[in-house]
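*Asks:* Take a look at this one; I'll ask things after.
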Amino acid sequence: MTATKKIIALMTAIVLAVAALGIGIGAYATSQAEKKSIGQDKALEIALSEAGVTAENASYTRVKLDRDDGYWVYEVEFYADGLEYDFTIASTDGKVIKKEIDGRKVNAVVSQRQSSEGQSSQQSTRTDGITLEKAKEIALQAAGVNSADAQFTKGKLETDDGRMFYEVDFYAGGYEYDYKIAMDGRVLEAEKEKRPEYSSNSASDNLIGVDKAKQIALSHSGAPADGVYFEKAKLEMDDGRTYYEIEFRFGVEEYEYDIDAVTGEILSFDRDTND
């Protein structure tokens with residue numbers, strides 16, 4: 001081995017050793033922080049209480065111990081009533097450091113140092129505007145579709161450039177409808193697309209329905225119905241076969257299913273961990 005190759009090999013070994021040492025130190029620091037922390041369950045309880053949301057009405061996506069600006073905190077994320085909540089909770093005393101709803105900051109950031117001195121910043125939280133159910137009514141009325149004839153595939157509060165709106169998707173009578181409804185009830189965008197697979201005359205008149213497809217996916221995954229957040233529940237067609245595309249999240253797990261729309265057979269399944 002030449003001198004140059006020896007130097008390269010030595011430098012590579014040093015880099016790998018330093019990286020391994022860093023990983024070990026990081027794992028040790030996390031372990032020590034967990035011993036001094038309030039725990040994930042308590043952090044989640046505090047976030048739910050601060051949001052005014054009951055555990056039964058929330059779908060959890062993440063409760064994770066992390067470092068923020070030199071302090072150990074719990075990052076808590078969950079969904080409820082069409083809203084996404086993001087909390088930063090001090091790991092040692094449970095103080096609410098930061099709170100956001102759907103990416104919109106609703107109260108001032110309170111530093112951990114201020115919290116330890118007994119100082120806090122409180123601001124009432126309120127989301128103005130119509131409810132998700134009202135947004136669905138507006139979309140149906142704009143489309144000229146009766147609620148009994150529609151199957152909703154999405155109903156979610158979104159934000160874009162600081163503007164909040166409801167994204168409402170449904171299908172009826174062989175068409176797919178996509179609407180964006182402003183918080184004051186205005187229709188911001190509307191799309192209508194002909195989809196033969198959504199017609200009651202196509203494939204079969206005995207489709208199991210999106211709710212049944214959700215149940216099949218949940219039963220297979222083992223996730224509780226009241227603890228998941230559905231990101232997609234949609235009827236699709238490929239190579240003449242009609243199926244439901246189901247995507248949902250439970251904790252840090254993300255699930256994707258394709259369910260045969262007639263038989264209920266699970267055509268494909270995938271689970272991924274989102275750290």
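Letters A, B, ... mark the chains of the structure tokens in the order given; residue numbers begin at 1 per chain; ligand numbers begin at 1, in order shown.
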Per residue of range 171-267 of chain A within 6 Å of range 146-164 of chain A, what are the shortest atom pair and its distance in Å to one decimal, counting only C-alpha atoms, with rows by chain and residue number, as JSON lines?
*Replies:*
{"residue": "A:Tyr171", "atom": "CA", "partner": "A:Gln151", "partner_atom": "CA", "distance": 5.5}
{"residue": "A:Ala172", "atom": "CA", "partner": "A:Ala150", "partner_atom": "CA", "distance": 4.9}
{"residue": "A:Ala233", "atom": "CA", "partner": "A:Thr153", "partner_atom": "CA", "distance": 5.1}
{"residue": "A:Lys234", "atom": "CA", "partner": "A:Thr153", "partner_atom": "CA", "distance": 5.5}
*Asks:* Going by DSSP on the backbone, which residues of range 138-231 of chain A come out as strand (DSSP E or B)? List them as a PyMOL selection string.
*Replies:* chain A and resi 151-160+163-172+175-182+187-194+229-231
*Asks:* So that I have them on file, write out the residues from the current selection with N, CA and C atoms, as a short mmCIF file (atom, residue, chain, number, x, y, z; two decimals), in the first residue's frame.
*Replies:*
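The new file result_23.cif reads:
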data_model
loop_
_atom_site.label_atom_id
_atom_site.label_comp_id
_atom_site.auth_asym_id
_atom_site.auth_seq_id
_atom_site.Cartn_x
_atom_site.Cartn_y
_atom_site.Cartn_z
N GLN A 151 -70.06 11.00 -2.15
CA GLN A 151 -69.12 10.33 -1.26
C GLN A 151 -67.88 11.21 -1.15
N PHE A 152 -67.64 11.72 0.07
CA PHE A 152 -66.51 12.62 0.27
C PHE A 152 -65.22 11.83 0.40
N THR A 153 -64.19 12.32 -0.26
CA THR A 153 -62.87 11.69 -0.17
C THR A 153 -61.88 12.56 0.57
N LYS A 154 -62.19 13.84 0.70
CA LYS A 154 -61.30 14.72 1.47
C LYS A 154 -62.10 15.88 2.03
N GLY A 155 -61.78 16.24 3.27
CA GLY A 155 -62.34 17.42 3.92
C GLY A 155 -61.33 17.89 4.93
N LYS A 156 -60.56 18.93 4.59
CA LYS A 156 -59.42 19.30 5.42
C LYS A 156 -59.16 20.79 5.34
N LEU A 157 -58.78 21.38 6.47
CA LEU A 157 -58.39 22.79 6.50
C LEU A 157 -56.94 22.91 6.07
N GLU A 158 -56.67 23.77 5.09
CA GLU A 158 -55.33 23.95 4.54
C GLU A 158 -54.91 25.41 4.65
N THR A 159 -53.62 25.66 4.47
CA THR A 159 -53.11 27.03 4.42
C THR A 159 -52.20 27.16 3.20
N ASP A 160 -52.25 28.33 2.57
CA ASP A 160 -51.41 28.61 1.41
C ASP A 160 -51.11 30.10 1.41
N ARG A 163 -53.10 32.11 3.82
CA ARG A 163 -54.55 32.10 3.67
C ARG A 163 -55.09 30.72 4.03
N MET A 164 -56.11 30.69 4.88
CA MET A 164 -56.70 29.42 5.30
C MET A 164 -57.95 29.14 4.47
N PHE A 165 -58.14 27.88 4.11
CA PHE A 165 -59.31 27.48 3.34
C PHE A 165 -59.55 25.99 3.55
N TYR A 166 -60.75 25.55 3.21
CA TYR A 166 -61.09 24.14 3.27
C TYR A 166 -60.92 23.52 1.89
N GLU A 167 -60.27 22.38 1.85
CA GLU A 167 -60.19 21.59 0.62
C GLU A 167 -61.20 20.46 0.74
N VAL A 168 -62.19 20.47 -0.14
CA VAL A 168 -63.29 19.51 -0.09
C VAL A 168 -63.36 18.76 -1.41
N ASP A 169 -63.19 17.45 -1.36
CA ASP A 169 -63.25 16.60 -2.56
C ASP A 169 -64.34 15.55 -2.37
N PHE A 170 -65.10 15.29 -3.42
CA PHE A 170 -66.11 14.24 -3.37
C PHE A 170 -66.41 13.77 -4.78
N TYR A 171 -67.11 12.64 -4.89
CA TYR A 171 -67.52 12.17 -6.21
C TYR A 171 -69.00 11.81 -6.18
N ALA A 172 -69.63 11.97 -7.33
CA ALA A 172 -71.06 11.68 -7.46
C ALA A 172 -71.42 11.60 -8.94
N TYR A 175 -68.70 11.74 -11.67
CA TYR A 175 -67.81 12.89 -11.70
C TYR A 175 -67.06 13.02 -10.37
N GLU A 176 -65.85 13.57 -10.49
CA GLU A 176 -65.07 13.90 -9.30
C GLU A 176 -65.07 15.43 -9.16
N TYR A 177 -65.35 15.91 -7.95
CA TYR A 177 -65.43 17.33 -7.67
C TYR A 177 -64.35 17.72 -6.66
N ASP A 178 -63.63 18.79 -6.97
CA ASP A 178 -62.61 19.31 -6.07
C ASP A 178 -62.90 20.79 -5.81
N TYR A 179 -63.06 21.15 -4.54
CA TYR A 179 -63.39 22.53 -4.18
C TYR A 179 -62.43 23.07 -3.14
N LYS A 180 -62.19 24.37 -3.22
CA LYS A 180 -61.50 25.11 -2.17
C LYS A 180 -62.46 26.19 -1.69
N ILE A 181 -62.78 26.14 -0.40
CA ILE A 181 -63.76 27.04 0.19
C ILE A 181 -63.08 27.94 1.21
N ALA A 182 -63.22 29.25 1.03
CA ALA A 182 -62.62 30.21 1.96
C ALA A 182 -63.31 30.16 3.31
N VAL A 187 -66.38 30.38 -2.64
CA VAL A 187 -65.77 29.31 -3.42
C VAL A 187 -64.54 29.88 -4.13
N LEU A 188 -63.35 29.45 -3.73
CA LEU A 188 -62.11 29.96 -4.30
C LEU A 188 -61.75 29.23 -5.59
N GLU A 189 -61.91 27.93 -5.59
CA GLU A 189 -61.62 27.13 -6.78
C GLU A 189 -62.62 25.99 -6.88
N ALA A 190 -62.92 25.59 -8.10
CA ALA A 190 -63.84 24.47 -8.31
C ALA A 190 -63.41 23.70 -9.56
N GLU A 191 -63.34 22.39 -9.44
CA GLU A 191 -62.99 21.53 -10.57
C GLU A 191 -63.96 20.37 -10.64
N LYS A 192 -64.30 20.00 -11.85
CA LYS A 192 -65.20 18.88 -12.09
C LYS A 192 -64.62 18.03 -13.21
N GLU A 193 -64.41 16.76 -12.93
CA GLU A 193 -63.77 15.88 -13.91
C GLU A 193 -64.61 14.62 -14.10
N LYS A 194 -64.83 14.26 -15.36
CA LYS A 194 -65.56 13.05 -15.67
C LYS A 194 -64.73 11.84 -15.30
N TYR A 229 -55.43 9.46 11.33
CA TYR A 229 -55.78 10.62 10.51
C TYR A 229 -55.71 10.19 9.05
N PHE A 230 -56.87 10.22 8.37
CA PHE A 230 -56.92 9.81 6.97
C PHE A 230 -56.47 10.95 6.07
N GLU A 231 -55.51 10.66 5.20
CA GLU A 231 -55.02 11.64 4.24
C GLU A 231 -55.62 11.44 2.86
#
*Asks:* For Ala223 in chain A, list every protein, DNA or RNA residue within 12 Å, evaluated using only C-alpha atoms, and leave out those in the same chain fewer than 6 positions away; present the list as a count of residues only.
*Replies:* 17
*Asks:* Between A:Ile101, A:Val96, A:Ala90, A:Gly129, which is the closest to Gly70 in chain A once you count only C-alpha atoms?
*Replies:*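 Closest residue, counting only C-alpha atoms: A:Ala90.
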*Asks:* Can you pull out every residue within 9 Å of Leu218 in chain A, counting only C-alpha atoms, but drop anything in the same chain fewer than 6 positions away, and send it as number ranges by chain?
*Replies:* A: 224-225, 228
*Asks:* For the atom pair CA of Lys99 in chain A and CA of Asp184 in chain A, what is the interatomic distance in Å to one decimal place?
*Replies:*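 A separation of 24.0 Å between them.
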*Asks:* Which residues, written as a list in words, have at least one atom at most 10 Å from Leu267 in chain A, with only C-alpha atoms counted and residues fewer than 3 positions away on the same chain left out?
*Replies:* Tyr243, Tyr244, Glu245, Tyr257, Asp258, Ile259, Asp260 and Gly264 of chain A
*Asks:* My list of candidates is A:Glu75, A:Gly227, A:Arg195, A:Arg241. Which is closest to Ala55 in chain A when distances are computed with only C-alpha atoms?
*Replies:*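 Answer, going by the shortest atom-to-atom distance: A:Gly227.
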